[in-house]
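Peer 1: I have a structure here, written as structure tokens, and I will follow up with some questions on it.
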Amino acid sequence: MANTSTKSQLPTPELGQQGSTGAMIIIGALFFIFGFVTWLNSLLIPYLEIACELTKFQSFFVTFAFYIAYLVMTPISPRVLSMFGFKNGMSVALVVMAVGALLFIPAAMTRIYLLFLIGLFLLGCGLAILQTASNPYITIVGPAESAAKRISIMGICNKVAGAVAPIILGLFLSLEGADALRAEVAGMEAGARAAALDEMALEVIPPYIGIIIVLLALSIWIYRSSLPEIDTDEEDEAVAAATTGKKSVFEFPHVMLGVLTLFLYVGVEVMAGDSIISYGAEQGIPLTTAKFFTSGTMAAMVVGYLIGIVTIPKYIKQEDALKFCAILGVIFTIGAIMTSGYVSVAFIALLGLANSLMWPAIWPLALAGIGRFTKAASSLLVMGIAGGAIVPLAYGALADSWNAQDAYWVMVPCYLFILFYAIKGHKIGKKV
């Protein structure tokens, strides 16, 4: 098939070498923040499950509160960017995230789970604005056929942060005490149990104070930076001809299918990263060891990103990379279900490799040929990140009803739909 879907169809800002390098450093820093804040949830899930005395289903409201923000922010994020511009909009988003992190202090002091969830929701709101601005920026800043390569570079920043986040948070949390408390809490008297859990909850305050400081510092840095604005309403002749008569982004089937594909992809990616520590504990592995498992998933994703940087588009097209990753996702999921112990956990970690090139491929395939509708499409794609709220929550419900291992069957149809989009879905209704 001709690689018609990946021609350079969007405007490229005139940055110059120095400006381009500076822009990539700033966006890379943002992607690092995305990963660090996002993948802290993998350790928060089992930790809050103990500290707030939650069921498995209730504990996965951590991911629900965080990712549902992307759905809520769909109509708001473009307005924020239109009002403040891309650069200042990013700065505002980081302040919103800092407010969300600030709520962890009263949440920990009172051990009120709802306050934790509100804080996570605000963190997600800020990230939704950042994602709406940064992803199309990286897609547009150069030729569309190499967009997956640029996004892969950003993905390395994201996943390196994701690898270190639970380890750094683990330095502040008494995981050995948490393992013991998990076993002892049922037999404690009410007063002693409450005191022990209160002390446990307070341990999340110091790391989140550090996060607040970093977010505010990054906000000031971006506000004072020379990051250029981009014009997503500009169209070249081919795109202008293809979008003639179009009045809404909803008239592009490949965009709508791309949103659903991204929804399912984020769902399985979050499950692979956020459920692995909890799943390892279910397999009888101590939290002191299990805290490293998310880092394994992130390391596998970094390997995949490096492969993408080397091979796309020189040796493999973006849609072919998506096909291959979807097939790996099915294989590794079944492997996790059919094995046990460390081997099963290893298959979950390997899902990081399967998921690695999905985000970099879905974005340019979904944004190809839509010209002035790019902002609206980007907002819808960011809405698809809400899959991280719904799919893991479904997993948590199934884990309570069945068991934590068999619940992973929910991932197989997700990967099969992603495979469909890679083969056919991204071409439906496309004219350029």
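Going by the structure tokens order, chains are called A, B, ..., each with residues numbered from 1, while ligands are numbered from 1 in the order shown.
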Within range 97-345 of chain A, find each residue whose DSSP state, derived from the backbone, is helix (DSSP H, G or I), and express the selection as a ChimeraX atom specification.

Peer 2: /A:97-102,104-110,113-140,144-172,175-187,190-202,205-224,237-242,249-251,253-274,276-282,287-290,293-311,318-338,341-345

Peer 1: Near Leu398 in chain A, within 12 Å and counting only C-alpha atoms, which residues show up once chain neighbours fewer than 4 positions away are dropped, as a VMD selection string?

Peer 2: chain A and resid 56 to 57 60 391 to 394 402 to 411

Peer 1: Find the residues near Val96 in chain A: any atom within 8 Å, counting only C-alpha atoms, skip ones fewer than 2 places away on the same chain, and give them as a compact mmCIF listing (two decimals) with N, CA, C and O atoms, in the first residue's frame.

Peer 2:
# COMPACT_ATOMS: atom_id res chain seq x y z
N VAL A 92 -0.29 27.40 32.42
CA VAL A 92 -1.51 27.35 33.25
C VAL A 92 -1.82 25.92 33.67
O VAL A 92 -2.18 25.65 34.83
N ALA A 93 -1.66 24.98 32.74
CA ALA A 93 -1.95 23.58 33.02
C ALA A 93 -1.06 23.05 34.15
O ALA A 93 -1.52 22.28 35.01
N LEU A 94 0.20 23.45 34.16
CA LEU A 94 1.11 23.00 35.21
C LEU A 94 0.71 23.53 36.58
O LEU A 94 0.86 22.85 37.60
N ALA A 98 -0.30 21.47 39.96
CA ALA A 98 0.26 21.74 41.28
C ALA A 98 -0.83 21.82 42.34
O ALA A 98 -0.65 21.34 43.47
N VAL A 99 -1.99 22.39 41.99
CA VAL A 99 -3.12 22.45 42.92
C VAL A 99 -3.60 21.03 43.24
O VAL A 99 -3.91 20.71 44.40
N GLY A 100 -3.67 20.18 42.21
CA GLY A 100 -4.07 18.79 42.44
C GLY A 100 -3.11 18.07 43.37
O GLY A 100 -3.54 17.35 44.29
N LEU A 122 -7.65 16.62 39.38
CA LEU A 122 -7.05 17.90 38.98
C LEU A 122 -5.71 17.68 38.27
O LEU A 122 -5.37 18.39 37.32
N LEU A 123 -4.93 16.71 38.74
CA LEU A 123 -3.70 16.37 38.03
C LEU A 123 -4.01 15.95 36.60
O LEU A 123 -3.32 16.34 35.65
N CYS A 125 -6.66 16.83 34.86
CA CYS A 125 -7.14 18.01 34.10
C CYS A 125 -5.98 18.80 33.52
O CYS A 125 -6.00 19.20 32.35
N GLY A 126 -4.96 19.04 34.36
CA GLY A 126 -3.79 19.75 33.87
C GLY A 126 -3.08 18.99 32.77
O GLY A 126 -2.67 19.57 31.75

Peer 1: Please determine, counting only C-alpha atoms, which residue among A:Val164, A:Leu181, A:Ile390, A:Val249 has the shortest atom-to-atom distance to Ala376 in chain A.

Peer 2: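 Of all the options, A:Val249 lies closest to Ala376 in chain A.
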
Peer 1: Find the residues near Thr132 in chain A: any atom within 12 Å, counting only C-alpha atoms, skip ones fewer than 5 places away on the same chain, and give them as a PDB file with C-alpha atoms, in the first residue's frame.

Peer 2:
ATOM      1  CA  TYR A  70      -9.352  13.765  29.933  1.00  0.00           C
ATOM      2  CA  LEU A  71     -12.999  13.186  29.002  1.00  0.00           C
ATOM      3  CA  MET A  73     -11.606  18.426  29.651  1.00  0.00           C
ATOM      4  CA  THR A  74     -12.403  17.647  25.991  1.00  0.00           C
ATOM      5  CA  PRO A  75     -14.444  20.831  25.364  1.00  0.00           C
ATOM      6  CA  ILE A  76     -12.342  22.903  27.772  1.00  0.00           C
ATOM      7  CA  SER A  77      -8.748  22.218  26.666  1.00  0.00           C
ATOM      8  CA  PRO A  78      -9.091  23.807  23.182  1.00  0.00           C
ATOM      9  CA  ARG A  79     -10.680  26.900  24.753  1.00  0.00           C
ATOM     10  CA  VAL A  80      -7.800  27.217  27.206  1.00  0.00           C
ATOM     11  CA  LEU A  81      -5.304  26.997  24.346  1.00  0.00           C
ATOM     12  CA  SER A  82      -7.292  29.462  22.246  1.00  0.00           C
ATOM     13  CA  GLY A  85      -2.040  30.174  23.302  1.00  0.00           C
ATOM     14  CA  PHE A  86      -0.038  26.946  23.294  1.00  0.00           C
ATOM     15  CA  LYS A  87       2.874  28.159  25.441  1.00  0.00           C
ATOM     16  CA  GLY A  89      -1.723  27.345  28.128  1.00  0.00           C
ATOM     17  CA  MET A  90       0.925  24.796  29.084  1.00  0.00           C
ATOM     18  CA  ALA A  93      -1.951  23.577  33.025  1.00  0.00           C
ATOM     19  CA  CYS A 125      -7.137  18.006  34.104  1.00  0.00           C
ATOM     20  CA  GLY A 126      -3.794  19.749  33.867  1.00  0.00           C
ATOM     21  CA  LEU A 127      -2.303  16.868  31.921  1.00  0.00           C
ATOM     22  CA  TYR A 137       2.992  20.220  18.288  1.00  0.00           C
ATOM     23  CA  ILE A 138       5.351  17.243  17.973  1.00  0.00           C
ATOM     24  CA  THR A 139       3.293  15.860  15.069  1.00  0.00           C
ATOM     25  CA  TRP A 363      -1.674  10.127  16.419  1.00  0.00           C
ATOM     26  CA  THR A 374      -6.472  19.472  13.721  1.00  0.00           C
ATOM     27  CA  LYS A 375      -7.204  21.226  17.046  1.00  0.00           C
ATOM     28  CA  ALA A 376     -10.654  19.671  17.311  1.00  0.00           C
ATOM     29  CA  ALA A 377      -9.320  16.237  16.358  1.00  0.00           C
ATOM     30  CA  SER A 378      -6.487  16.549  18.855  1.00  0.00           C
ATOM     31  CA  SER A 379      -8.976  17.371  21.602  1.00  0.00           C
ATOM     32  CA  LEU A 380     -11.032  14.300  20.711  1.00  0.00           C
ATOM     33  CA  LEU A 381      -7.934  12.115  20.695  1.00  0.00           C
ATOM     34  CA  VAL A 382      -6.998  13.433  24.116  1.00  0.00           C
ATOM     35  CA  MET A 383     -10.552  12.539  25.202  1.00  0.00           C
ATOM     36  CA  GLY A 384      -9.678   8.993  24.159  1.00  0.00           C
ATOM     37  CA  ILE A 385      -7.161   8.938  27.009  1.00  0.00           C
TER      38      ILE A 385
END

Peer 1: Between A:Val255, A:Tyr415, A:Glu269, A:Ile276, which one has atoms that come closest to Cys325 in chain A, using only C-alpha atoms?

Peer 2: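 Closest candidate: A:Tyr415.
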
Peer 1: Looking at A:Leu351, A:Ala163, A:Ile168, A:Ile153, which one is nearest to Ile334 in chain A, with distances taken over only C-alpha atoms?

Peer 2: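 Counting only C-alpha atoms, the residue closest to Ile334 in chain A is A:Leu351.
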